[in-house]
Amino acid sequence: MTKLKDKVAIITGASRGIGQAIALAFAKEGAKLVLSASALENLQETNRLLNEQGCCDAILTQANVSIGDEVNQVIKKALDTLGKVDILVNNAGRTKDNLLALMPESDWDDVLSTNLKGAFLFMKACARPMVKQRSGVIINIASIIGITGNAGQANYAASKAGLIALSKSTAKELCKRNIRVNAIAPGFIHTRMTDKLSEQQRQEILKLIPLGYVGEPRDVAEAAVFLASDSSRYITGQVLVVDGGMIT
Ligand SMILES: NC(=O)c1ccc[n+]([C@@H]2O[C@H](COP(=O)([O-])OP(=O)(O)OC[C@H]3O[C@@H](n4cnc5c(N)ncnc54)[C@H](O)[C@@H]3O)[C@@H](O)[C@H]2O)c1
């Protein structure tokens, strides 16, 4: 499997869930990985799984995605050790759900800082080396909630809608430098983020999924491999929905 052979990929929020699955799928395709998480020790499990599937150690980095100096250190480490950045996956994200009238200002700020500002900071930091090398791929993990909206998730929906707009705008800005920017909008995927939901909420959501089952992180990871590889060389500024048919 060599779709990403020797490509250097930075993946944020790679300690579990969708980010971990993307790391494992990219490594299988020959990518060299720089993984980032808010705490270094959280990445040990991903690294162990990489070794288990016969892949080399990844470069492990710590960064809160909403802090510019920490983000810049991740890019510096990638450039210092591997000399280039070919692929960036902005996957780190969080929810803090509440009805609008009850939502603390701090919950709005937290979700927007992580999901939207975090992607902006990583994209800005990666754009310079990518422009220099006249190539690059950026994938932003958005959500179908950023397209449809959802009661009780105004902050999350706004952050993911913003992430889609950020992807489309920067796709237009960077295409002349051979840098593609796309978003993936997952539907309901089995991770710790969705484990927070009650059984009743889960059953309600299941009724809305035409394929009849909850997606797995690897379903999103396979879409990311496609968008990261040359198989999608003529695709930029798009949103790839991975949701079992929930929205049409
Ligand atoms: N699970 C789903 O159904 C679903 C659906 C649509 C979109 N998504 C998106 O997919 C992405 C991954 O989510 P997941 O389901 O794997 O959730 P998860 O909670 O398992 O993983 C989220 C990751 O982001 C990291 N993270 C959170 N805040 C951070 C910060 N400030 N700095 C650095 N890292 C931070 C966490 O440590 C974790 O590694 C998120 O952007 C999420 O919004 C998930």
# chains A, B, ... in the order shown; residues from 1 in each chain; ligands from 1
call {"tool": "closest_atom_pairs", "arguments": {"of": "chain A", "to": "ligand 1", "cutoff": "6 Å", "atoms": "only C-alpha atoms and all ligand atoms", "output": "Markdown table"}}
result
| residue | atom | partner | partner_atom_place_in_ligand_line | distance |
| --- | --- | --- | --- | --- |
| A:Gly13 | CA | ligand 1 | 39 (O) | 3.5 |
| A:Ala14 | CA | ligand 1 | 39 (O) | 5.1 |
| A:Ser15 | CA | ligand 1 | 39 (O) | 4.4 |
| A:Arg16 | CA | ligand 1 | 39 (O) | 5.1 |
| A:Gly17 | CA | ligand 1 | 16 (O) | 3.5 |
| A:Ile18 | CA | ligand 1 | 16 (O) | 3.8 |
| A:Gly19 | CA | ligand 1 | 16 (O) | 5.7 |
| A:Ala37 | CA | ligand 1 | 34 (N) | 4.7 |
| A:Ser38 | CA | ligand 1 | 33 (C) | 4.2 |
| A:Ala63 | CA | ligand 1 | 33 (C) | 5.8 |
| A:Asn64 | CA | ligand 1 | 32 (N) | 3.6 |
| A:Val65 | CA | ligand 1 | 32 (N) | 4.1 |
| A:Ser66 | CA | ligand 1 | 31 (N) | 5.8 |
| A:Asn91 | CA | ligand 1 | 41 (O) | 4.6 |
| A:Ala92 | CA | ligand 1 | 24 (O) | 3.4 |
| A:Gly93 | CA | ligand 1 | 41 (O) | 3.5 |
| A:Arg94 | CA | ligand 1 | 27 (C) | 5.1 |
| A:Thr114 | CA | ligand 1 | 31 (N) | 4.8 |
| A:Ile141 | CA | ligand 1 | 41 (O) | 5.3 |
| A:Ala142 | CA | ligand 1 | 7 (C) | 5.5 |
| A:Ser143 | CA | ligand 1 | 6 (C) | 4.0 |
| A:Pro186 | CA | ligand 1 | 6 (C) | 4.2 |
| A:Gly187 | CA | ligand 1 | 5 (C) | 4.9 |
| A:Phe188 | CA | ligand 1 | 3 (O) | 3.8 |
| A:Ile189 | CA | ligand 1 | 3 (O) | 3.6 |
| A:His190 | CA | ligand 1 | 1 (N) | 5.7 |
| A:Thr191 | CA | ligand 1 | 15 (O) | 4.8 |
| A:Arg192 | CA | ligand 1 | 20 (O) | 4.4 |
| A:Met193 | CA | ligand 1 | 19 (O) | 4.3 |
| A:Thr194 | CA | ligand 1 | 1 (N) | 5.3 |
call {"tool": "write_last_selection", "arguments": {"atoms": "C-alpha atoms", "output": "mmCIF file, in the first residue's frame"}}
result
data_model
loop_
_atom_site.group_PDB
_atom_site.id
_atom_site.type_symbol
_atom_site.label_atom_id
_atom_site.label_comp_id
_atom_site.auth_asym_id
_atom_site.auth_seq_id
_atom_site.Cartn_x
_atom_site.Cartn_y
_atom_site.Cartn_z
ATOM 1 C CA GLY A 13 -6.069 15.109 18.087
ATOM 2 C CA ALA A 14 -4.399 11.808 17.159
ATOM 3 C CA SER A 15 -4.658 10.178 20.594
ATOM 4 C CA ARG A 16 -7.966 8.393 19.986
ATOM 5 C CA GLY A 17 -11.105 8.149 17.868
ATOM 6 C CA ILE A 18 -11.055 9.496 14.322
ATOM 7 C CA GLY A 19 -7.573 11.056 14.627
ATOM 8 C CA ALA A 37 -2.278 15.921 21.142
ATOM 9 C CA SER A 38 -2.895 18.165 24.117
ATOM 10 C CA ALA A 63 0.058 21.223 21.518
ATOM 11 C CA ASN A 64 -3.158 22.789 22.613
ATOM 12 C CA VAL A 65 -4.405 23.629 19.116
ATOM 13 C CA SER A 66 -5.750 26.997 20.215
ATOM 14 C CA ASN A 91 -8.975 16.696 13.440
ATOM 15 C CA ALA A 92 -8.854 17.951 17.063
ATOM 16 C CA GLY A 93 -12.303 18.984 18.169
ATOM 17 C CA ARG A 94 -14.641 19.132 21.112
ATOM 18 C CA THR A 114 -10.466 24.480 19.494
ATOM 19 C CA ILE A 141 -12.567 17.380 9.883
ATOM 20 C CA ALA A 142 -15.847 19.293 10.025
ATOM 21 C CA SER A 143 -19.278 17.713 10.709
ATOM 22 C CA PRO A 186 -18.739 12.929 9.328
ATOM 23 C CA GLY A 187 -22.199 12.020 10.534
ATOM 24 C CA PHE A 188 -22.553 9.828 13.627
ATOM 25 C CA ILE A 189 -19.295 7.981 14.306
ATOM 26 C CA HIS A 190 -18.591 5.618 17.197
ATOM 27 C CA THR A 191 -15.992 7.449 19.369
ATOM 28 C CA ARG A 192 -15.656 8.844 22.884
ATOM 29 C CA MET A 193 -17.345 12.047 21.641
ATOM 30 C CA THR A 194 -20.558 10.177 20.804
#
call {"tool": "residues_around", "arguments": {"residues": "segment 25-33 of chain A", "least_positions_apart": "5", "cutoff": "7 Å", "atoms": "only C-alpha atoms", "output": "PyMOL selection string"}}
result
chain A and resi 1-10+55+58-59+221+225
call {"tool": "select_by_dssp", "arguments": {"residues": "segment 17-234 of chain A", "states": "strand (DSSP E or B)", "output": "PDB file with N, CA and C atoms, in the first residue's frame"}}
result
ATOM      1  N   LYS A  32       4.837   9.215   6.683  1.00  0.00           N
ATOM      2  CA  LYS A  32       5.603   9.444   7.911  1.00  0.00           C
ATOM      3  C   LYS A  32       4.782  10.407   8.760  1.00  0.00           C
ATOM      4  N   LEU A  33       4.598  10.052  10.029  1.00  0.00           N
ATOM      5  CA  LEU A  33       3.616  10.785  10.832  1.00  0.00           C
ATOM      6  C   LEU A  33       4.208  11.695  11.895  1.00  0.00           C
ATOM      7  N   VAL A  34       3.616  12.870  12.009  1.00  0.00           N
ATOM      8  CA  VAL A  34       3.844  13.758  13.145  1.00  0.00           C
ATOM      9  C   VAL A  34       2.485  13.886  13.824  1.00  0.00           C
ATOM     10  N   LEU A  35       2.382  13.288  15.012  1.00  0.00           N
ATOM     11  CA  LEU A  35       1.092  13.274  15.709  1.00  0.00           C
ATOM     12  C   LEU A  35       1.084  14.324  16.803  1.00  0.00           C
ATOM     13  N   SER A  36      -0.073  14.945  16.981  1.00  0.00           N
ATOM     14  CA  SER A  36      -0.178  15.996  17.984  1.00  0.00           C
ATOM     15  C   SER A  36      -1.372  15.739  18.894  1.00  0.00           C
ATOM     16  N   ALA A  37      -1.179  16.044  20.174  1.00  0.00           N
ATOM     17  CA  ALA A  37      -2.278  15.921  21.142  1.00  0.00           C
ATOM     18  C   ALA A  37      -2.036  16.932  22.252  1.00  0.00           C
ATOM     19  N   ILE A  59       6.495  10.733  15.143  1.00  0.00           N
ATOM     20  CA  ILE A  59       7.018  11.824  15.965  1.00  0.00           C
ATOM     21  C   ILE A  59       5.852  12.351  16.780  1.00  0.00           C
ATOM     22  N   LEU A  60       6.029  12.342  18.095  1.00  0.00           N
ATOM     23  CA  LEU A  60       4.924  12.720  18.983  1.00  0.00           C
ATOM     24  C   LEU A  60       5.136  14.138  19.500  1.00  0.00           C
ATOM     25  N   THR A  61       4.113  14.967  19.393  1.00  0.00           N
ATOM     26  CA  THR A  61       4.233  16.358  19.818  1.00  0.00           C
ATOM     27  C   THR A  61       3.039  16.756  20.680  1.00  0.00           C
ATOM     28  N   GLN A  62       3.294  17.723  21.551  1.00  0.00           N
ATOM     29  CA  GLN A  62       2.226  18.232  22.425  1.00  0.00           C
ATOM     30  C   GLN A  62       1.825  19.620  21.951  1.00  0.00           C
ATOM     31  N   ILE A  87       1.084  16.943   4.258  1.00  0.00           N
ATOM     32  CA  ILE A  87      -0.344  16.775   4.561  1.00  0.00           C
ATOM     33  C   ILE A  87      -0.613  17.288   5.973  1.00  0.00           C
ATOM     34  N   LEU A  88      -1.686  18.058   6.110  1.00  0.00           N
ATOM     35  CA  LEU A  88      -2.148  18.473   7.447  1.00  0.00           C
ATOM     36  C   LEU A  88      -3.590  18.006   7.618  1.00  0.00           C
ATOM     37  N   VAL A  89      -3.854  17.315   8.714  1.00  0.00           N
ATOM     38  CA  VAL A  89      -5.243  16.951   9.040  1.00  0.00           C
ATOM     39  C   VAL A  89      -5.627  17.642  10.350  1.00  0.00           C
ATOM     40  N   ASN A  90      -6.523  18.611  10.249  1.00  0.00           N
ATOM     41  CA  ASN A  90      -7.049  19.270  11.445  1.00  0.00           C
ATOM     42  C   ASN A  90      -8.237  18.460  11.938  1.00  0.00           C
ATOM     43  N   ASN A  98     -25.231  22.789  24.814  1.00  0.00           N
ATOM     44  CA  ASN A  98     -26.216  23.423  25.680  1.00  0.00           C
ATOM     45  C   ASN A  98     -27.180  24.233  24.806  1.00  0.00           C
ATOM     46  N   GLY A 136       0.895  20.616  -1.369  1.00  0.00           N
ATOM     47  CA  GLY A 136       0.384  20.327  -0.034  1.00  0.00           C
ATOM     48  C   GLY A 136      -1.084  19.949  -0.089  1.00  0.00           C
ATOM     49  N   VAL A 137      -1.495  19.266   0.962  1.00  0.00           N
ATOM     50  CA  VAL A 137      -2.900  18.867   1.096  1.00  0.00           C
ATOM     51  C   VAL A 137      -3.343  19.176   2.525  1.00  0.00           C
ATOM     52  N   ILE A 138      -4.472  19.846   2.649  1.00  0.00           N
ATOM     53  CA  ILE A 138      -5.033  20.126   3.970  1.00  0.00           C
ATOM     54  C   ILE A 138      -6.435  19.520   4.033  1.00  0.00           C
ATOM     55  N   ILE A 139      -6.685  18.792   5.120  1.00  0.00           N
ATOM     56  CA  ILE A 139      -8.006  18.174   5.321  1.00  0.00           C
ATOM     57  C   ILE A 139      -8.525  18.639   6.675  1.00  0.00           C
ATOM     58  N   ASN A 140      -9.693  19.229   6.671  1.00  0.00           N
ATOM     59  CA  ASN A 140     -10.303  19.689   7.920  1.00  0.00           C
ATOM     60  C   ASN A 140     -11.486  18.786   8.262  1.00  0.00           C
ATOM     61  N   ILE A 141     -11.466  18.254   9.472  1.00  0.00           N
ATOM     62  CA  ILE A 141     -12.567  17.380   9.883  1.00  0.00           C
ATOM     63  C   ILE A 141     -13.685  18.262  10.452  1.00  0.00           C
ATOM     64  N   GLN A 153     -26.512  22.641  19.946  1.00  0.00           N
ATOM     65  CA  GLN A 153     -25.098  22.615  19.527  1.00  0.00           C
ATOM     66  C   GLN A 153     -24.729  23.881  18.734  1.00  0.00           C
ATOM     67  N   ILE A 179      -1.767  23.682  -3.649  1.00  0.00           N
ATOM     68  CA  ILE A 179      -2.163  23.200  -2.325  1.00  0.00           C
ATOM     69  C   ILE A 179      -3.678  23.014  -2.343  1.00  0.00           C
ATOM     70  N   ARG A 180      -4.118  21.804  -2.042  1.00  0.00           N
ATOM     71  CA  ARG A 180      -5.560  21.510  -2.024  1.00  0.00           C
ATOM     72  C   ARG A 180      -6.078  21.533  -0.588  1.00  0.00           C
ATOM     73  N   VAL A 181      -7.275  22.085  -0.421  1.00  0.00           N
ATOM     74  CA  VAL A 181      -7.903  22.131   0.910  1.00  0.00           C
ATOM     75  C   VAL A 181      -9.320  21.578   0.793  1.00  0.00           C
ATOM     76  N   ASN A 182      -9.609  20.551   1.561  1.00  0.00           N
ATOM     77  CA  ASN A 182     -10.964  19.971   1.555  1.00  0.00           C
ATOM     78  C   ASN A 182     -11.408  19.707   2.990  1.00  0.00           C
ATOM     79  N   ALA A 183     -12.710  19.555   3.160  1.00  0.00           N
ATOM     80  CA  ALA A 183     -13.252  19.204   4.475  1.00  0.00           C
ATOM     81  C   ALA A 183     -13.948  17.849   4.373  1.00  0.00           C
ATOM     82  N   ILE A 184     -13.961  17.137   5.496  1.00  0.00           N
ATOM     83  CA  ILE A 184     -14.775  15.927   5.617  1.00  0.00           C
ATOM     84  C   ILE A 184     -15.851  16.235   6.649  1.00  0.00           C
ATOM     85  N   ALA A 185     -17.090  15.884   6.330  1.00  0.00           N
ATOM     86  CA  ALA A 185     -18.190  16.097   7.276  1.00  0.00           C
ATOM     87  C   ALA A 185     -18.724  14.734   7.710  1.00  0.00           C
ATOM     88  N   PRO A 186     -18.203  14.211   8.837  1.00  0.00           N
ATOM     89  CA  PRO A 186     -18.739  12.929   9.328  1.00  0.00           C
ATOM     90  C   PRO A 186     -20.140  13.126   9.897  1.00  0.00           C
ATOM     91  N   ILE A 189     -20.407   8.936  14.311  1.00  0.00           N
ATOM     92  CA  ILE A 189     -19.295   7.981  14.306  1.00  0.00           C
ATOM     93  C   ILE A 189     -19.037   7.514  15.744  1.00  0.00           C
ATOM     94  N   GLY A 215     -21.344   4.856  12.085  1.00  0.00           N
ATOM     95  CA  GLY A 215     -20.062   4.719  11.395  1.00  0.00           C
ATOM     96  C   GLY A 215     -18.929   4.452  12.360  1.00  0.00           C
TER      97      GLY A 215
END
call {"tool": "atom_distance", "arguments": {"atom1": "atom CA of Val74 of chain A", "atom2": "atom CA of Thr95 of chain A"}}
result
23.8 Å
call {"tool": "atom_distance", "arguments": {"atom1": "atom CA of Asp219 of chain A", "atom2": "atom CA of Ala154 of chain A"}}
result
25.9 Å
call {"tool": "select_by_dssp", "arguments": {"residues": "segment 90-237 of chain A", "states": "helix (DSSP H, G or I)", "output": "ChimeraX atom specification"}}
result
/A:100-102,105-133,145-148,154-177,192-195,199-207,217-228,230-232
call {"tool": "residues_around", "arguments": {"residues": "Arg134 of chain A", "least_positions_apart": "6", "cutoff": "9 Å", "atoms": "only C-alpha atoms", "output": "list of chain:residue names"}}
result
A:Lys176, A:Arg177, A:Asn178, A:Ile179
call {"tool": "write_last_selection", "arguments": {"atoms": "N, CA and C atoms", "output": "mmCIF file, in the first residue's frame"}}
result
data_model
loop_
_atom_site.group_PDB
_atom_site.id
_atom_site.type_symbol
_atom_site.label_atom_id
_atom_site.label_comp_id
_atom_site.auth_asym_id
_atom_site.auth_seq_id
_atom_site.Cartn_x
_atom_site.Cartn_y
_atom_site.Cartn_z
ATOM 1 N N LYS A 176 -3.290 28.129 -6.474
ATOM 2 C CA LYS A 176 -2.229 28.498 -7.425
ATOM 3 C C LYS A 176 -0.871 27.961 -6.998
ATOM 4 N N ARG A 177 -0.750 27.594 -5.717
ATOM 5 C CA ARG A 177 0.507 27.021 -5.218
ATOM 6 C C ARG A 177 0.414 25.497 -5.150
ATOM 7 N N ASN A 178 -0.593 24.945 -5.816
ATOM 8 C CA ASN A 178 -0.749 23.484 -5.834
ATOM 9 C C ASN A 178 -1.028 22.908 -4.443
ATOM 10 N N ILE A 179 -1.767 23.682 -3.649
ATOM 11 C CA ILE A 179 -2.163 23.200 -2.325
ATOM 12 C C ILE A 179 -3.678 23.014 -2.343
#
call {"tool": "atom_distance", "arguments": {"atom1": "atom CA of Ala228 of chain A", "atom2": "atom CA of Cys175 of chain A"}}
result
14.8 Å
call {"tool": "closest_residue", "arguments": {"among": "A:Gln20, A:Gln73, A:Gln200, A:Thr12", "to": "Asn47 of chain A", "atoms": "only C-alpha atoms"}}
result
A:Gln20
call {"tool": "closest_residue", "arguments": {"among": "A:Ile11, A:Leu116, A:Ala125, A:Leu82", "to": "Leu43 of chain A", "atoms": "only C-alpha atoms"}}
result
A:Ile11
